[in-house]
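What follows is upload_24.pdb (PDB, C-alpha atoms).
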```
ATOM      1  CA  PRO A  31       0.000   0.000   0.000
ATOM      2  CA  SER A  32       2.855   2.349   0.600
ATOM      3  CA  PHE A  33       3.946   1.932  -3.023
ATOM      4  CA  PHE A  34       0.652   3.355  -4.378
ATOM      5  CA  SER A  35      -0.781   6.906  -4.046
ATOM      6  CA  SER A  36      -4.455   7.770  -4.068
ATOM      7  CA  PRO A  37      -6.101   9.316  -7.166
ATOM      8  CA  SER A  38      -6.722  12.546  -5.305
ATOM      9  CA  ASN A  39      -3.050  12.897  -4.519
ATOM     10  CA  THR A  40      -2.185  12.031  -8.096
ATOM     11  CA  MET A  41      -4.416  14.788  -9.560
ATOM     12  CA  ARG A  42      -3.702  17.418  -6.947
ATOM     13  CA  GLY A  43      -0.220  18.296  -8.220
ATOM     14  CA  PRO A  44      -1.192  19.054 -11.877
ATOM     15  CA  ILE A  45      -4.295  20.996 -10.805
ATOM     16  CA  LEU A  46      -2.350  23.219  -8.447
ATOM     17  CA  SER A  47       0.350  23.773 -11.056
ATOM     18  CA  HIS A  48      -2.249  24.664 -13.699
ATOM     19  CA  ALA A  49      -4.054  26.997 -11.313
ATOM     20  CA  ARG A  50      -0.772  28.682 -10.393
ATOM     21  CA  ARG A  51       0.087  29.232 -14.068
ATOM     22  CA  ALA A  52      -3.406  30.555 -14.814
ATOM     23  CA  GLY A  53      -3.171  32.944 -11.885
ATOM     24  CA  SER A  54       0.220  34.172 -13.037
ATOM     25  CA  ARG A  55      -1.119  34.755 -16.553
ATOM     26  CA  ALA A  56      -4.142  36.639 -15.199
ATOM     27  CA  MET A  57      -1.927  38.806 -12.987
ATOM     28  CA  ALA A  58       0.432  39.512 -15.844
ATOM     29  CA  GLN A  59      -2.495  40.400 -18.126
ATOM     30  CA  SER A  60      -3.936  42.734 -15.477
ATOM     31  CA  GLN A  61      -0.565  44.410 -14.960
ATOM     32  CA  LEU A  62      -0.120  44.728 -18.724
ATOM     33  CA  THR A  63      -3.535  46.377 -19.010
ATOM     34  CA  GLN A  64      -2.655  48.802 -16.219
ATOM     35  CA  GLN A  65       0.679  49.508 -17.858
ATOM     36  CA  THR A  66      -0.982  50.155 -21.213
ATOM     37  CA  ARG A  67      -3.478  52.497 -19.626
ATOM     38  CA  GLY A  68      -0.712  54.255 -17.748
ATOM     39  CA  MET A  69       1.343  54.707 -20.918
ATOM     40  CA  ALA A  70      -1.678  56.068 -22.821
ATOM     41  CA  THR A  71      -2.456  58.582 -20.084
ATOM     42  CA  GLU A  72       1.204  59.499 -19.886
ATOM     43  CA  LYS A  73       1.314  60.075 -23.634
ATOM     44  CA  GLN A  74      -1.809  62.221 -23.519
ATOM     45  CA  LEU A  75      -0.337  64.338 -20.744
ATOM     46  CA  PHE A  76       2.910  64.720 -22.683
ATOM     47  CA  ASN A  77       1.026  65.815 -25.822
ATOM     48  CA  GLN A  78      -1.029  68.276 -23.814
ATOM     49  CA  MET A  79       2.140  69.686 -22.255
ATOM     50  CA  GLN A  80       3.687  70.193 -25.682
ATOM     51  CA  SER A  81       0.527  71.878 -26.993
ATOM     52  CA  THR A  82       0.406  74.208 -23.997
ATOM     53  CA  LYS A  83       4.092  75.080 -24.441
ATOM     54  CA  ASN A  84       3.433  75.949 -28.099
ATOM     55  CA  ILE A  85       0.511  78.160 -27.071
ATOM     56  CA  GLN A  86       2.718  79.865 -24.489
ATOM     57  CA  LYS A  87       5.298  80.628 -27.185
ATOM     58  CA  ILE A  88       2.585  82.142 -29.391
ATOM     59  CA  THR A  89       1.120  84.308 -26.627
ATOM     60  CA  SER A  90       4.575  85.492 -25.588
ATOM     61  CA  SER A  91       5.341  86.463 -29.189
ATOM     62  CA  MET A  92       2.004  88.289 -29.510
ATOM     63  CA  LYS A  93       2.774  90.209 -26.329
ATOM     64  CA  MET A  94       6.116  91.400 -27.731
ATOM     65  CA  VAL A  95       4.495  92.344 -31.056
ATOM     66  CA  SER A  96       1.769  94.309 -29.255
ATOM     67  CA  ALA A  97       4.395  96.092 -27.147
ATOM     68  CA  ALA A  98       6.212  97.176 -30.318
ATOM     69  CA  LYS A  99       2.977  98.312 -31.981
ATOM     70  CA  LEU A 100       1.911 100.156 -28.854
ATOM     71  CA  LYS A 101       4.976 102.388 -29.057
ATOM     72  CA  GLY A 102       4.031 103.460 -32.570
ATOM     73  CA  ASP A 103       0.388 104.013 -31.591
ATOM     74  CA  GLU A 104       1.463 106.158 -28.646
ATOM     75  CA  ASN A 105       3.524 108.345 -30.992
ATOM     76  CA  ARG A 106       0.634 108.706 -33.442
ATOM     77  CA  LEU A 107      -1.779 109.518 -30.606
ATOM     78  CA  ALA A 108       0.588 112.192 -29.302
ATOM     79  CA  VAL A 109       0.445 113.847 -32.736
ATOM     80  CA  ALA A 110      -3.332 113.434 -33.116
ATOM     81  CA  LYS A 111      -4.208 115.133 -29.817
ATOM     82  CA  PRO A 112      -2.969 118.656 -30.687
ATOM     83  CA  PHE A 113      -4.226 118.189 -34.256
ATOM     84  CA  ASN A 114      -7.757 117.627 -32.922
ATOM     85  CA  ALA A 115      -7.628 120.239 -30.140
ATOM     86  CA  TRP A 116      -9.588 122.808 -32.188
ATOM     87  CA  THR A 117     -12.724 120.637 -32.103
ATOM     88  CA  THR A 118     -13.147 121.075 -28.336
ATOM     89  CA  ALA A 119     -14.458 124.646 -28.826
ATOM     90  CA  LEU A 120     -17.180 123.307 -31.168
ATOM     91  CA  CYS A 121     -18.081 119.941 -29.601
ATOM     92  CA  GLY A 122     -16.992 120.230 -25.991
ATOM     93  CA  GLU A 123     -14.958 117.739 -24.001
ATOM     94  CA  PRO A 124     -15.496 113.969 -24.417
ATOM     95  CA  ILE A 125     -17.830 112.408 -21.849
ATOM     96  CA  SER A 126     -16.995 109.295 -19.851
ATOM     97  CA  MET A 127     -19.253 106.301 -20.467
ATOM     98  CA  GLU A 128     -18.817 105.102 -16.897
ATOM     99  CA  GLU A 129     -22.135 105.640 -15.089
ATOM    100  CA  ALA A 130     -23.392 107.746 -18.028
ATOM    101  CA  THR A 131     -27.149 108.392 -18.215
ATOM    102  CA  TYR A 132     -27.154 109.603 -21.858
ATOM    103  CA  ASP A 133     -29.684 112.310 -21.018
ATOM    104  CA  ASP A 134     -27.586 114.738 -23.062
ATOM    105  CA  LEU A 135     -28.359 112.949 -26.329
ATOM    106  CA  PRO A 136     -30.830 114.758 -28.617
ATOM    107  CA  GLN A 137     -34.083 113.426 -30.081
ATOM    108  CA  LYS A 138     -32.521 111.632 -33.072
ATOM    109  CA  THR A 139     -29.008 110.251 -32.705
ATOM    110  CA  LEU A 140     -26.582 108.265 -34.852
ATOM    111  CA  LEU A 141     -24.353 106.057 -32.691
ATOM    112  CA  VAL A 142     -20.901 105.232 -34.132
ATOM    113  CA  PRO A 143     -19.074 102.637 -31.982
ATOM    114  CA  LEU A 144     -15.409 102.088 -32.859
ATOM    115  CA  THR A 145     -14.312  98.479 -32.337
ATOM    116  CA  SER A 146     -11.547  96.244 -33.683
ATOM    117  CA  ASP A 147     -11.509  93.617 -36.420
ATOM    118  CA  LYS A 148      -9.350  91.226 -34.391
ATOM    119  CA  GLY A 149      -9.908  89.563 -31.050
ATOM    120  CA  LEU A 150      -7.610  88.427 -28.235
ATOM    121  CA  CYS A 151      -7.545  91.953 -26.852
ATOM    122  CA  GLY A 152      -9.361  91.696 -23.537
ATOM    123  CA  GLY A 153     -12.577  93.657 -23.022
ATOM    124  CA  VAL A 154     -11.915  96.442 -25.534
ATOM    125  CA  ASN A 155     -14.850  95.523 -27.785
ATOM    126  CA  THR A 156     -17.111  94.211 -25.023
ATOM    127  CA  PHE A 157     -17.018  97.509 -23.117
ATOM    128  CA  ILE A 158     -17.985  99.490 -26.223
ATOM    129  CA  SER A 159     -20.822  97.082 -27.096
ATOM    130  CA  ARG A 160     -22.093  97.303 -23.525
ATOM    131  CA  GLY A 161     -22.042 101.110 -23.739
ATOM    132  CA  VAL A 162     -24.017 101.000 -26.989
ATOM    133  CA  ARG A 163     -26.640  98.733 -25.423
ATOM    134  CA  GLU A 164     -26.966 101.046 -22.433
ATOM    135  CA  ALA A 165     -27.247 104.097 -24.692
ATOM    136  CA  VAL A 166     -29.913 102.482 -26.889
ATOM    137  CA  LYS A 167     -31.887 101.417 -23.828
ATOM    138  CA  ALA A 168     -31.722 104.922 -22.323
ATOM    139  CA  VAL A 169     -32.745 106.557 -25.608
ATOM    140  CA  GLN A 170     -35.655 104.212 -26.260
ATOM    141  CA  ASN A 171     -36.966 104.445 -22.699
ATOM    142  CA  SER A 172     -37.154 108.225 -23.028
ATOM    143  CA  GLY A 173     -39.027 108.137 -26.345
ATOM    144  CA  ARG A 174     -36.080 109.210 -28.491
ATOM    145  CA  GLU A 175     -34.678 107.590 -31.640
ATOM    146  CA  CYS A 176     -31.268 106.272 -32.620
ATOM    147  CA  ASP A 177     -29.528 104.314 -35.353
ATOM    148  CA  ILE A 178     -26.138 102.612 -35.424
ATOM    149  CA  VAL A 179     -23.173 102.630 -37.802
ATOM    150  CA  VAL A 180     -20.631 100.052 -36.604
ATOM    151  CA  ILE A 181     -16.916 100.223 -37.362
ATOM    152  CA  GLY A 182     -15.083  96.954 -36.714
ATOM    153  CA  ASP A 183     -16.019  93.316 -37.237
ATOM    154  CA  LYS A 184     -16.121  92.410 -33.521
ATOM    155  CA  GLY A 185     -18.578  95.165 -32.704
ATOM    156  CA  ARG A 186     -20.743  94.254 -35.678
ATOM    157  CA  GLY A 187     -20.881  90.623 -34.560
ATOM    158  CA  GLN A 188     -21.856  91.534 -30.993
ATOM    159  CA  LEU A 189     -24.450  94.179 -31.867
ATOM    160  CA  ARG A 190     -26.012  92.470 -34.886
ATOM    161  CA  ARG A 191     -27.581  89.786 -32.681
ATOM    162  CA  VAL A 192     -29.468  92.396 -30.624
ATOM    163  CA  TYR A 193     -29.873  95.488 -32.815
ATOM    164  CA  GLY A 194     -29.633  94.084 -36.333
ATOM    165  CA  ASP A 195     -32.519  96.226 -37.588
ATOM    166  CA  MET A 196     -30.944  99.419 -36.200
ATOM    167  CA  ILE A 197     -27.554  98.980 -37.911
ATOM    168  CA  LYS A 198     -27.612 101.124 -41.037
ATOM    169  CA  ARG A 199     -24.043 100.518 -42.167
ATOM    170  CA  SER A 200     -20.893  98.766 -41.022
ATOM    171  CA  ALA A 201     -17.210  98.994 -41.928
ATOM    172  CA  THR A 202     -14.909  96.005 -41.423
ATOM    173  CA  GLU A 203     -11.325  95.095 -42.309
ATOM    174  CA  VAL A 204     -10.242  98.648 -41.534
ATOM    175  CA  GLN A 205      -6.552  99.085 -42.201
ATOM    176  CA  ALA A 206      -4.215  99.517 -39.267
ATOM    177  CA  PRO A 207      -2.714 101.828 -38.263
ATOM    178  CA  GLY A 208      -5.433 104.292 -39.199
ATOM    179  CA  THR A 209      -4.693 107.389 -41.235
ATOM    180  CA  PHE A 210      -6.411 110.704 -41.833
ATOM    181  CA  THR A 211      -7.333 109.516 -45.332
ATOM    182  CA  LEU A 212      -9.123 106.532 -43.820
ATOM    183  CA  ALA A 213     -10.954 108.794 -41.384
ATOM    184  CA  ALA A 214     -11.990 111.031 -44.278
ATOM    185  CA  ALA A 215     -13.384 108.043 -46.191
ATOM    186  CA  LEU A 216     -15.349 106.894 -43.142
ATOM    187  CA  SER A 217     -16.724 110.366 -42.499
ATOM    188  CA  ALA A 218     -17.853 110.482 -46.138
ATOM    189  CA  GLU A 219     -19.680 107.191 -45.504
ATOM    190  CA  LEU A 220     -21.353 108.722 -42.453
ATOM    191  CA  VAL A 221     -22.463 111.723 -44.483
ATOM    192  CA  ALA A 222     -23.748 109.370 -47.193
ATOM    193  CA  ALA A 223     -25.662 107.478 -44.494
ATOM    194  CA  GLY A 224     -27.465 110.731 -43.673
ATOM    195  CA  ALA A 225     -25.421 111.980 -40.720
ATOM    196  CA  ALA A 226     -26.620 115.544 -41.387
ATOM    197  CA  ASP A 227     -30.235 114.403 -40.956
ATOM    198  CA  TYR A 228     -29.596 113.428 -37.339
ATOM    199  CA  ASP A 229     -29.562 115.820 -34.437
ATOM    200  CA  ALA A 230     -26.136 114.492 -33.407
ATOM    201  CA  VAL A 231     -23.487 111.913 -34.254
ATOM    202  CA  VAL A 232     -22.119 110.151 -31.177
ATOM    203  CA  ILE A 233     -18.691 108.505 -31.498
ATOM    204  CA  MET A 234     -18.111 105.841 -28.823
ATOM    205  CA  TYR A 235     -14.515 104.701 -28.402
ATOM    206  CA  ASN A 236     -11.783 103.584 -25.999
ATOM    207  CA  THR A 237      -9.426 106.257 -24.745
ATOM    208  CA  TYR A 238      -5.844 105.407 -23.843
ATOM    209  CA  VAL A 239      -4.564 106.362 -20.382
ATOM    210  CA  ASN A 240      -1.428 104.246 -19.986
ATOM    211  CA  ALA A 241      -0.178 100.764 -20.829
ATOM    212  CA  ALA A 242      -2.374  99.235 -18.110
ATOM    213  CA  VAL A 243      -5.476 101.473 -18.138
ATOM    214  CA  TYR A 244      -7.964 102.510 -20.796
ATOM    215  CA  LYS A 245     -11.422 104.030 -20.446
ATOM    216  CA  GLN A 246     -14.536 104.461 -22.564
ATOM    217  CA  GLU A 247     -15.773 107.864 -23.719
ATOM    218  CA  TYR A 248     -18.174 109.321 -26.263
ATOM    219  CA  LYS A 249     -18.247 112.539 -28.261
ATOM    220  CA  ILE A 250     -21.394 114.368 -29.312
ATOM    221  CA  ILE A 251     -21.027 116.064 -32.710
ATOM    222  CA  LYS A 252     -23.985 118.203 -33.718
ATOM    223  CA  PRO A 253     -24.490 119.581 -37.234
ATOM    224  CA  PHE A 254     -24.161 123.306 -37.914
ATOM    225  CA  SER A 255     -27.825 124.136 -38.391
ATOM    226  CA  GLY A 256     -30.288 126.622 -36.987
ATOM    227  CA  GLU A 257     -31.812 129.992 -37.696
ATOM    228  CA  GLY A 258     -32.085 133.255 -35.821
ATOM    229  CA  GLU A 259     -30.497 133.053 -32.389
ATOM    230  CA  ASP A 260     -29.629 129.392 -32.960
ATOM    231  CA  GLU A 261     -27.615 130.141 -36.091
ATOM    232  CA  PRO A 262     -24.094 128.730 -35.650
ATOM    233  CA  MET A 263     -20.903 130.784 -35.756
ATOM    234  CA  MET A 264     -22.608 134.150 -35.987
ATOM    235  CA  SER A 265     -19.435 135.968 -34.951
ATOM    236  CA  TYR A 266     -17.622 134.866 -38.130
ATOM    237  CA  GLU A 267     -17.768 136.229 -41.660
ATOM    238  CA  PHE A 268     -17.609 133.816 -44.590
ATOM    239  CA  GLU A 269     -16.114 134.735 -47.972
ATOM    240  CA  PRO A 270     -16.369 134.167 -50.860
ATOM    241  CA  ASP A 271     -18.728 131.154 -50.666
ATOM    242  CA  THR A 272     -22.052 131.115 -48.948
ATOM    243  CA  LYS A 273     -22.106 130.282 -45.274
ATOM    244  CA  SER A 274     -24.302 127.197 -45.665
ATOM    245  CA  GLU A 275     -21.873 125.534 -48.088
ATOM    246  CA  ILE A 276     -18.885 126.235 -45.840
ATOM    247  CA  LEU A 277     -20.690 124.861 -42.794
ATOM    248  CA  VAL A 278     -21.441 121.626 -44.646
ATOM    249  CA  ASP A 279     -17.762 121.201 -45.521
ATOM    250  CA  LEU A 280     -16.712 122.220 -42.002
ATOM    251  CA  TYR A 281     -19.067 119.646 -40.478
ATOM    252  CA  GLU A 282     -17.588 116.865 -42.614
ATOM    253  CA  TYR A 283     -14.063 117.987 -41.724
ATOM    254  CA  LEU A 284     -15.061 118.074 -38.037
ATOM    255  CA  LEU A 285     -16.296 114.485 -38.294
ATOM    256  CA  THR A 286     -13.048 113.460 -39.992
ATOM    257  CA  SER A 287     -10.875 115.075 -37.336
ATOM    258  CA  GLN A 288     -12.859 113.533 -34.498
ATOM    259  CA  LEU A 289     -12.805 110.086 -36.127
ATOM    260  CA  PHE A 290      -9.067 110.328 -36.705
ATOM    261  CA  HIS A 291      -8.389 111.176 -33.060
ATOM    262  CA  SER A 292     -10.779 108.432 -31.868
ATOM    263  CA  PHE A 293      -9.045 105.921 -34.157
ATOM    264  CA  MET A 294      -5.643 106.743 -32.704
ATOM    265  CA  ASP A 295      -6.991 106.570 -29.158
ATOM    266  CA  GLY A 296      -8.742 103.258 -29.827
ATOM    267  CA  ALA A 297      -5.705 101.718 -31.540
ATOM    268  CA  ALA A 298      -3.433 102.470 -28.572
ATOM    269  CA  SER A 299      -6.057 101.098 -26.175
ATOM    270  CA  GLU A 300      -6.405  97.930 -28.250
ATOM    271  CA  GLN A 301      -2.671  97.213 -28.271
ATOM    272  CA  SER A 302      -2.282  97.888 -24.554
ATOM    273  CA  SER A 303      -5.217  95.596 -23.783
ATOM    274  CA  ARG A 304      -3.876  92.875 -26.094
ATOM    275  CA  MET A 305      -0.461  93.112 -24.470
ATOM    276  CA  ALA A 306      -2.015  92.650 -21.005
ATOM    277  CA  ALA A 307      -4.238  89.816 -22.242
ATOM    278  CA  MET A 308      -1.315  87.941 -23.802
ATOM    279  CA  GLU A 309       0.741  88.416 -20.656
ATOM    280  CA  ASN A 310      -2.047  86.874 -18.590
ATOM    281  CA  ALA A 311      -2.434  84.062 -21.123
ATOM    282  CA  SER A 312       1.294  83.278 -20.960
ATOM    283  CA  LYS A 313       1.151  83.254 -17.167
ATOM    284  CA  ASN A 314      -1.850  80.906 -17.172
ATOM    285  CA  ALA A 315      -0.120  78.626 -19.680
ATOM    286  CA  GLY A 316       2.927  78.437 -17.407
ATOM    287  CA  GLU A 317       0.755  77.451 -14.456
ATOM    288  CA  MET A 318      -0.976  74.806 -16.569
ATOM    289  CA  ILE A 319       2.381  73.414 -17.703
ATOM    290  CA  GLU A 320       3.475  73.068 -14.083
ATOM    291  CA  SER A 321       0.270  71.219 -13.210
ATOM    292  CA  LEU A 322       0.575  68.919 -16.226
ATOM    293  CA  SER A 323       4.235  68.224 -15.430
ATOM    294  CA  LEU A 324       3.260  67.114 -11.935
ATOM    295  CA  GLN A 325       0.573  64.799 -13.337
ATOM    296  CA  TYR A 326       2.976  63.489 -15.971
ATOM    297  CA  ASN A 327       5.648  62.685 -13.385
ATOM    298  CA  ARG A 328       3.097  60.908 -11.208
ATOM    299  CA  ALA A 329       1.880  58.826 -14.156
ATOM    300  CA  ARG A 330       5.468  57.985 -15.127
ATOM    301  CA  GLN A 331       6.297  56.966 -11.573
ATOM    302  CA  ALA A 332       3.185  54.759 -11.436
ATOM    303  CA  ARG A 333       4.199  53.068 -14.689
ATOM    304  CA  ILE A 334       7.710  52.352 -13.417
ATOM    305  CA  THR A 335       6.308  50.969 -10.158
ATOM    306  CA  THR A 336       3.977  48.702 -12.126
ATOM    307  CA  GLU A 337       6.852  47.386 -14.214
ATOM    308  CA  LEU A 338       8.892  46.626 -11.088
ATOM    309  CA  ILE A 339       5.950  44.774  -9.556
ATOM    310  CA  GLU A 340       5.615  42.738 -12.752
ATOM    311  CA  ILE A 341       9.295  41.792 -12.727
ATOM    312  CA  ILE A 342       9.178  40.771  -9.070
ATOM    313  CA  SER A 343       5.998  38.751  -9.634
ATOM    314  CA  GLY A 344       7.582  36.939 -12.572
ATOM    315  CA  ALA A 345      10.686  36.103 -10.580
ATOM    316  CA  SER A 346       8.570  34.760  -7.731
ATOM    317  CA  ALA A 347       6.557  32.596 -10.142
ATOM    318  CA  LEU A 348       9.760  31.083 -11.549
ATOM    319  CA  GLU A 349      10.982  30.267  -8.052
ATOM    320  CA  ASP A 350       7.695  28.481  -7.281
TER     321      ASP A 350
END
```
Could you show the structure in this file as structure tokens?
Amino acid sequence: PSFFSSPSNTMRGPILSHARRAGSRAMAQSQLTQQTRGMATEKQLFNQMQSTKNIQKITSSMKMVSAAKLKGDENRLAVAKPFNAWTTALCGEPISMEEATYDDLPQKTLLVPLTSDKGLCGGVNTFISRGVREAVKAVQNSGRECDIVVIGDKGRGQLRRVYGDMIKRSATEVQAPGTFTLAAALSAELVAAGAADYDAVVIMYNTYVNAAVYKQEYKIIKPFSGEGEDEPMMSYEFEPDTKSEILVDLYEYLLTSQLFHSFMDGAASEQSSRMAAMENASKNAGEMIESLSLQYNRARQARITTELIEIISGASALED
């Protein structure tokens, strides 16, 4: 009897060996799946890091370009201010749009918001669009009338959704930097749109304070019309043409000068805002890169740990 073993003892060895091999294969497959998932996540994090680094390079370059353009716009604005100083005696000082009630607008007004054709410049266009909406609301609530002539693609896109029926004309793809010839062409468009038929033309624009601050203002430009005591410029004599013809030309030139100054002010504000926006974008990209690097290192460490566990498990299986 001692020379024979029972059937259960005979079968137990192969079954345990087979079960051990099956368990090892299952563990290896599970570890391989975890490793594959870890490598995929690691690759995704690496790709995202590279994309964010590329975006950071672009935003940093745009900031330097805007800083260079801002210097030129500041020089042009410094020239435009004394050139447009004569209009203050006829139109008065610009009015801040902050907490404005727009009670000074006449019965029929033509609003001319100046916006940009390009984005990525902070709230430059949003502030102007908000001011237009507030002005339209104030005018309509008081029983007055107004129409809109938009300059700039961003402003047209924002205002068209709300006041599409009030927009009479729009000008997009305006060349930069602006010139007096461009302002003259735009003022001719305003005159063709019937600017003289309105009680006032209101130019709404961003005014440049410094590289970090810009504000919103509007100018009220009224036509030279009236009779009797309301007749404009009674203290002047006009020769050799008639006074009415000269006043028409003077009004168009006044519009041109005011548009030119507003263009220069708006261009400097746009570049300063874009420079600040790109600086913030570069900073945010750097913070995101740091966060992704931490996640990437954790995923890489987890993958290495998994590989070590797999090697140790394989060595233990061979010993068994």
**OP:** Compile the contact shell of region 306-323 of chain A as a ChimeraX atom specification: residues with an atom at most 9 Å away, counting only C-alpha atoms, same-chain residues fewer than 2 positions apart removed.
**Re:** /A:75-76,78-80,82-83,85-93,96,150-152,241-242,301-304,325-328
Compile a residue-level contact table for region 156-224 of chain A against region 127-133 of chain A at a cut-off of 10 Å, reporting for every qualifying residue the shortest atom pair and its distance in Å to one decimal, with only C-alpha atoms counted, rows ordered by chain and ascending number, as a Markdown table.
```
| residue | atom | partner | partner_atom | distance |
| --- | --- | --- | --- | --- |
| A:Phe157 | CA | A:Met127 | CA | 9.5 |
| A:Ile158 | CA | A:Met127 | CA | 9.0 |
| A:Arg160 | CA | A:Met127 | CA | 9.9 |
| A:Gly161 | CA | A:Met127 | CA | 6.7 |
| A:Val162 | CA | A:Met127 | CA | 9.7 |
| A:Glu164 | CA | A:Thr131 | CA | 8.5 |
| A:Ala165 | CA | A:Tyr132 | CA | 6.2 |
| A:Val166 | CA | A:Tyr132 | CA | 9.1 |
| A:Lys167 | CA | A:Tyr132 | CA | 9.7 |
| A:Ala168 | CA | A:Tyr132 | CA | 6.6 |
| A:Val169 | CA | A:Tyr132 | CA | 7.4 |
| A:Ser172 | CA | A:Asp133 | CA | 8.7 |
```
Original post:
Using only C-alpha atoms, which residue out of A:Ala329, A:Ala115, A:Ala347, A:Leu285 lies closest to Ala226 (chain A)?
Top reply: A:Leu285
So that each row is one residue of region 101-162 of chain A with an atom at most 12 Å from region 196-201 of chain A, can you give its shortest atom pair and the distance in Å to one decimal, using all atoms listed in the file, rows by chain and rising number, as CSV?
```
residue,atom,partner,partner_atom,distance
A:Thr139,CA,A:Met196,CA,11.5
A:Leu140,CA,A:Lys198,CA,9.5
A:Leu141,CA,A:Ile197,CA,9.4
A:Val142,CA,A:Ser200,CA,9.4
A:Pro143,CA,A:Ser200,CA,10.0
A:Leu144,CA,A:Ala201,CA,9.8
A:Thr145,CA,A:Ala201,CA,10.0
A:Ser146,CA,A:Ala201,CA,10.4
A:Asp147,CA,A:Ala201,CA,9.6
A:Val162,CA,A:Met196,CA,11.6
```
Original post:
Could you spell out the hits of the PyMOL selection byres ((chain A and resi 229) around 8) on the shown file, as a list in words?
Top reply: Pro136, Gln137, Lys138, Thr139, Ala226, Asp227, Tyr228, Ala230, Val231, Lys252 and Pro253 of chain A
**OP:** Just say which residues the PyMOL selection byres ((chain A and resi 100) around 10) picks in this file, as a ChimeraX atom specification.
**Re:** /A:94-99,101-106,241,297-305
**OP:** Could you check how far CA of Val221 (chain A) sits from CA of Ile251 (chain A), in Å to one decimal?
**Re:**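 Interatomic distance, CA of Val221 (chain A) to CA of Ile251 (chain A): 12.6 Å.
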Subject >> Distance of CA of Phe113 (chain A) from CA of Ser255 (chain A), expressed in Å to one decimal place >> reply: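 These atoms are spaced 24.7 Å apart.
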Using all atoms listed in the file, what does the table of region 289-308 of chain A residues within 7 Å of region 203-219 of chain A look like, with each row giving the shortest atom pair and its distance in Å to one decimal, sorted by chain and ascending number, as a tab-separated table?
```
residue	atom	partner	partner_atom	distance
A:Leu289	CA	A:Ala213	CA	5.7
A:Phe290	CA	A:Ala213	CA	5.3
A:Phe293	CA	A:Gly208	CA	6.4
A:Met294	CA	A:Gly208	CA	6.9
```
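The closest residue to Thr237 (chain A), picked from A:Gly173, A:Pro112, A:Gly296, A:Gly122 and counting all atoms listed in the file, is A:Gly296.
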Original post:
When distances are computed from all atoms listed in the file, which of A:Asn236, A:Asn114, A:Asn77, A:Ser274 shows the smallest separation from Gly153 (chain A)?
Top reply: A:Asn236
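Using all atoms listed in the file for every distance, the candidate list A:Met264, A:Ser343, A:Ala225, A:Val154 yields A:Ala225 as the residue closest to Val278 (chain A).
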